[in-house]
Each structure stands twice: as structure tokens, then as C-alpha cells.
Amino acid sequence: MLLRHWNLYDSIKYSNYIGPKLGIWKNHKNNQNIIREFIMSLQIPLVEAEKDYPFMDGKNKEKLNNNLINAAREFKLDDMIFESFERLID
């Protein structure tokens with residue numbers, strides 16, 4: 001949801017789920033390092049993660065989708081991906 005308006009880096013930083021789980025909001029000295037580690041686990045260059053999501057390279061968007069589950073497991077973010085619904089307009 002946050003990717004519609006922000007870049008990947010800020011979406012991770014300000015996420016109501018990821019921020020507290022990774023301790024980003026408590027540990028101000030290391031919050032950039034934690035975010036960078038998470039982005040590296042997604043195999044996305046930091047330069048790309050700082051671009052607005054619509055302007056990210058398509059290959060990196062694909063990497064995000066493919067690597068998100070593994071990164072979530074690695075950082076113990078078990079509830080990051082869940083089934084939901086999608087609205088279709090005819």
C-alpha cells in the first residue's frame with residue numbers, strides 16, 4: 001500500500017508492521033543499517049530502493065515480488081504477506 005506514494009526504502013521505514021518488528025523506530029542509531037540489510041536481502045540496489053516505486057526498474061520490481069517471502073522469513077516477519085481480496089470492476 002505504501003509503495004503507491006513512496007519509495008521502497010521509506011515504505012519499509014514507515015510501515016506499521018515492519019518498523020516495530022525490526023526495531024527501526026526504537027533503535028535510531030542502527031535503523032538505517034537494519035533497513036539496508038532488509039533491502040539487501042531483497043537483492044535490490046539501494047539506489048533503486050530510493051527511487052519512487054513507479055520509476056523503479058521492472059527487473060527490480062520483479063525481484064521484490066520474488067524475494068519478499070524469503071526476506072520475510074529471514075527477518076521473522078511471518079505476517080507480512082497474507083491472503084486478501086482484490087476488487088474487480090467490470
# chains A, B, ... in the order shown; residues from 1 in each chain; ligands from 1
call {"tool": "select_by_dssp", "arguments": {"residues": "segment 7-68 of chain A", "states": "helix (DSSP H, G or I)", "output": "JSON list (two decimals) with C-alpha atoms, in the first residue's frame"}}
result
[["chain", "number", "residue", "atom", "x", "y", "z"],
["A", 8, "LEU", "CA", 10.68, 1.13, -1.14],
["A", 9, "TYR", "CA", 13.11, 2.49, 1.48],
["A", 10, "ASP", "CA", 10.54, 4.83, 3.05],
["A", 11, "SER", "CA", 7.79, 2.22, 2.78],
["A", 12, "ILE", "CA", 9.87, -0.14, 4.90],
["A", 13, "LYS", "CA", 10.90, 2.60, 7.32],
["A", 18, "ILE", "CA", 7.89, -3.86, 9.54],
["A", 19, "GLY", "CA", 9.15, -0.85, 11.54],
["A", 20, "PRO", "CA", 8.27, -2.16, 15.01],
["A", 21, "LYS", "CA", 9.13, -5.79, 14.18],
["A", 22, "LEU", "CA", 12.64, -4.86, 13.08],
["A", 31, "ASN", "CA", 17.72, 1.97, 11.84],
["A", 32, "GLN", "CA", 19.40, 2.77, 8.51],
["A", 33, "ASN", "CA", 21.59, -0.32, 8.80],
["A", 34, "ILE", "CA", 18.59, -2.55, 9.55],
["A", 35, "ILE", "CA", 16.65, -1.13, 6.60],
["A", 36, "ARG", "CA", 19.65, -1.55, 4.30],
["A", 37, "GLU", "CA", 20.14, -5.16, 5.44],
["A", 38, "PHE", "CA", 16.49, -5.90, 4.68],
["A", 39, "ILE", "CA", 16.74, -4.27, 1.24],
["A", 40, "MET", "CA", 19.95, -6.21, 0.53],
["A", 41, "SER", "CA", 18.13, -9.43, 1.44],
["A", 46, "LEU", "CA", 19.85, 0.82, -2.52],
["A", 47, "VAL", "CA", 19.77, 3.39, -5.35],
["A", 48, "GLU", "CA", 16.73, 1.62, -6.81],
["A", 49, "ALA", "CA", 15.06, 1.33, -3.40],
["A", 53, "TYR", "CA", 8.21, 2.82, -6.88],
["A", 54, "PRO", "CA", 6.59, 3.62, -10.27],
["A", 55, "PHE", "CA", 10.03, 4.61, -11.58],
["A", 58, "GLY", "CA", 10.93, -3.56, -13.81],
["A", 59, "LYS", "CA", 13.55, -6.21, -13.04],
["A", 60, "ASN", "CA", 13.87, -4.90, -9.50],
["A", 61, "LYS", "CA", 10.11, -4.86, -9.03],
["A", 62, "GLU", "CA", 10.12, -8.49, -10.07],
["A", 63, "LYS", "CA", 12.95, -9.24, -7.62],
["A", 64, "LEU", "CA", 10.89, -7.59, -4.89],
["A", 65, "ASN", "CA", 7.96, -9.89, -5.55],
["A", 66, "ASN", "CA", 10.13, -13.00, -5.81],
["A", 67, "ASN", "CA", 12.39, -12.33, -2.80],
["A", 68, "LEU", "CA", 9.89, -10.84, -0.36]]
call {"tool": "atom_distance", "arguments": {"atom1": "atom CA of Leu88 of chain A", "atom2": "atom CA of Arg4 of chain A"}}
result
18.4 Å
call {"tool": "atom_distance", "arguments": {"atom1": "atom CA of Glu83 of chain A", "atom2": "atom CA of Leu42 of chain A"}}
result
20.6 Å
call {"tool": "atom_distance", "arguments": {"atom1": "atom CA of Phe85 of chain A", "atom2": "atom CA of Asn16 of chain A"}}
result
20.1 Å
call {"tool": "decode", "arguments": {"residues": "segment 49-75 of chain A", "atoms": "N, CA and C atoms", "output": "PDB file, in the first residue's frame"}}
result
ATOM      1  N   ALA A  49      16.014   1.303  -4.509  1.00  0.00           N
ATOM      2  CA  ALA A  49      15.060   1.332  -3.398  1.00  0.00           C
ATOM      3  C   ALA A  49      14.697   2.755  -3.012  1.00  0.00           C
ATOM      4  N   GLU A  50      15.563   3.705  -3.342  1.00  0.00           N
ATOM      5  CA  GLU A  50      15.297   5.101  -3.019  1.00  0.00           C
ATOM      6  C   GLU A  50      14.550   5.838  -4.132  1.00  0.00           C
ATOM      7  N   LYS A  51      14.313   5.166  -5.257  1.00  0.00           N
ATOM      8  CA  LYS A  51      13.509   5.754  -6.335  1.00  0.00           C
ATOM      9  C   LYS A  51      12.036   5.542  -6.017  1.00  0.00           C
ATOM     10  N   ASP A  52      11.193   6.455  -6.475  1.00  0.00           N
ATOM     11  CA  ASP A  52       9.755   6.236  -6.337  1.00  0.00           C
ATOM     12  C   ASP A  52       9.396   4.924  -7.026  1.00  0.00           C
ATOM     13  N   TYR A  53       8.516   4.159  -6.394  1.00  0.00           N
ATOM     14  CA  TYR A  53       8.208   2.817  -6.879  1.00  0.00           C
ATOM     15  C   TYR A  53       7.806   2.778  -8.355  1.00  0.00           C
ATOM     16  N   PRO A  54       6.957   3.689  -8.841  1.00  0.00           N
ATOM     17  CA  PRO A  54       6.593   3.623 -10.267  1.00  0.00           C
ATOM     18  C   PRO A  54       7.785   3.772 -11.207  1.00  0.00           C
ATOM     19  N   PHE A  55       8.872   4.364 -10.728  1.00  0.00           N
ATOM     20  CA  PHE A  55      10.034   4.606 -11.578  1.00  0.00           C
ATOM     21  C   PHE A  55      11.160   3.588 -11.366  1.00  0.00           C
ATOM     22  N   MET A  56      10.930   2.608 -10.500  1.00  0.00           N
ATOM     23  CA  MET A  56      11.919   1.549 -10.307  1.00  0.00           C
ATOM     24  C   MET A  56      12.005   0.692 -11.563  1.00  0.00           C
ATOM     25  N   ASP A  57      13.161   0.125 -11.796  1.00  0.00           N
ATOM     26  CA  ASP A  57      13.367  -0.785 -12.918  1.00  0.00           C
ATOM     27  C   ASP A  57      12.442  -1.998 -12.756  1.00  0.00           C
ATOM     28  N   GLY A  58      11.848  -2.421 -13.838  1.00  0.00           N
ATOM     29  CA  GLY A  58      10.930  -3.560 -13.814  1.00  0.00           C
ATOM     30  C   GLY A  58      11.568  -4.829 -13.277  1.00  0.00           C
ATOM     31  N   LYS A  59      12.854  -5.024 -13.549  1.00  0.00           N
ATOM     32  CA  LYS A  59      13.555  -6.207 -13.040  1.00  0.00           C
ATOM     33  C   LYS A  59      13.613  -6.184 -11.514  1.00  0.00           C
ATOM     34  N   ASN A  60      13.807  -5.012 -10.956  1.00  0.00           N
ATOM     35  CA  ASN A  60      13.870  -4.898  -9.502  1.00  0.00           C
ATOM     36  C   ASN A  60      12.502  -5.055  -8.854  1.00  0.00           C
ATOM     37  N   LYS A  61      11.467  -4.614  -9.532  1.00  0.00           N
ATOM     38  CA  LYS A  61      10.107  -4.856  -9.030  1.00  0.00           C
ATOM     39  C   LYS A  61       9.823  -6.350  -9.001  1.00  0.00           C
ATOM     40  N   GLU A  62      10.284  -7.048 -10.014  1.00  0.00           N
ATOM     41  CA  GLU A  62      10.119  -8.493 -10.069  1.00  0.00           C
ATOM     42  C   GLU A  62      10.910  -9.175  -8.947  1.00  0.00           C
ATOM     43  N   LYS A  63      12.142  -8.709  -8.721  1.00  0.00           N
ATOM     44  CA  LYS A  63      12.950  -9.239  -7.620  1.00  0.00           C
ATOM     45  C   LYS A  63      12.234  -9.047  -6.289  1.00  0.00           C
ATOM     46  N   LEU A  64      11.624  -7.880  -6.122  1.00  0.00           N
ATOM     47  CA  LEU A  64      10.894  -7.595  -4.887  1.00  0.00           C
ATOM     48  C   LEU A  64       9.818  -8.636  -4.659  1.00  0.00           C
ATOM     49  N   ASN A  65       9.029  -8.896  -5.679  1.00  0.00           N
ATOM     50  CA  ASN A  65       7.957  -9.886  -5.550  1.00  0.00           C
ATOM     51  C   ASN A  65       8.506 -11.286  -5.277  1.00  0.00           C
ATOM     52  N   ASN A  66       9.577 -11.649  -5.956  1.00  0.00           N
ATOM     53  CA  ASN A  66      10.131 -12.995  -5.813  1.00  0.00           C
ATOM     54  C   ASN A  66      10.867 -13.201  -4.488  1.00  0.00           C
ATOM     55  N   ASN A  67      11.534 -12.179  -3.977  1.00  0.00           N
ATOM     56  CA  ASN A  67      12.391 -12.330  -2.801  1.00  0.00           C
ATOM     57  C   ASN A  67      11.735 -11.912  -1.492  1.00  0.00           C
ATOM     58  N   LEU A  68      10.548 -11.359  -1.561  1.00  0.00           N
ATOM     59  CA  LEU A  68       9.895 -10.841  -0.359  1.00  0.00           C
ATOM     60  C   LEU A  68       9.596 -11.948   0.651  1.00  0.00           C
ATOM     61  N   ILE A  69       9.149 -13.087   0.208  1.00  0.00           N
ATOM     62  CA  ILE A  69       8.808 -14.181   1.117  1.00  0.00           C
ATOM     63  C   ILE A  69      10.054 -14.674   1.848  1.00  0.00           C
ATOM     64  N   ASN A  70      11.152 -14.861   1.115  1.00  0.00           N
ATOM     65  CA  ASN A  70      12.396 -15.324   1.751  1.00  0.00           C
ATOM     66  C   ASN A  70      12.939 -14.297   2.740  1.00  0.00           C
ATOM     67  N   ALA A  71      12.897 -13.027   2.373  1.00  0.00           N
ATOM     68  CA  ALA A  71      13.380 -11.977   3.271  1.00  0.00           C
ATOM     69  C   ALA A  71      12.505 -11.902   4.520  1.00  0.00           C
ATOM     70  N   ALA A  72      11.207 -12.062   4.344  1.00  0.00           N
ATOM     71  CA  ALA A  72      10.293 -12.042   5.494  1.00  0.00           C
ATOM     72  C   ALA A  72      10.616 -13.178   6.454  1.00  0.00           C
ATOM     73  N   ARG A  73      10.908 -14.354   5.929  1.00  0.00           N
ATOM     74  CA  ARG A  73      11.290 -15.488   6.786  1.00  0.00           C
ATOM     75  C   ARG A  73      12.606 -15.206   7.510  1.00  0.00           C
ATOM     76  N   GLU A  74      13.563 -14.675   6.776  1.00  0.00           N
ATOM     77  CA  GLU A  74      14.891 -14.398   7.333  1.00  0.00           C
ATOM     78  C   GLU A  74      14.815 -13.401   8.498  1.00  0.00           C
ATOM     79  N   PHE A  75      13.945 -12.408   8.383  1.00  0.00           N
ATOM     80  CA  PHE A  75      13.820 -11.373   9.409  1.00  0.00           C
ATOM     81  C   PHE A  75      12.651 -11.629  10.364  1.00  0.00           C
TER      82      PHE A  75
END
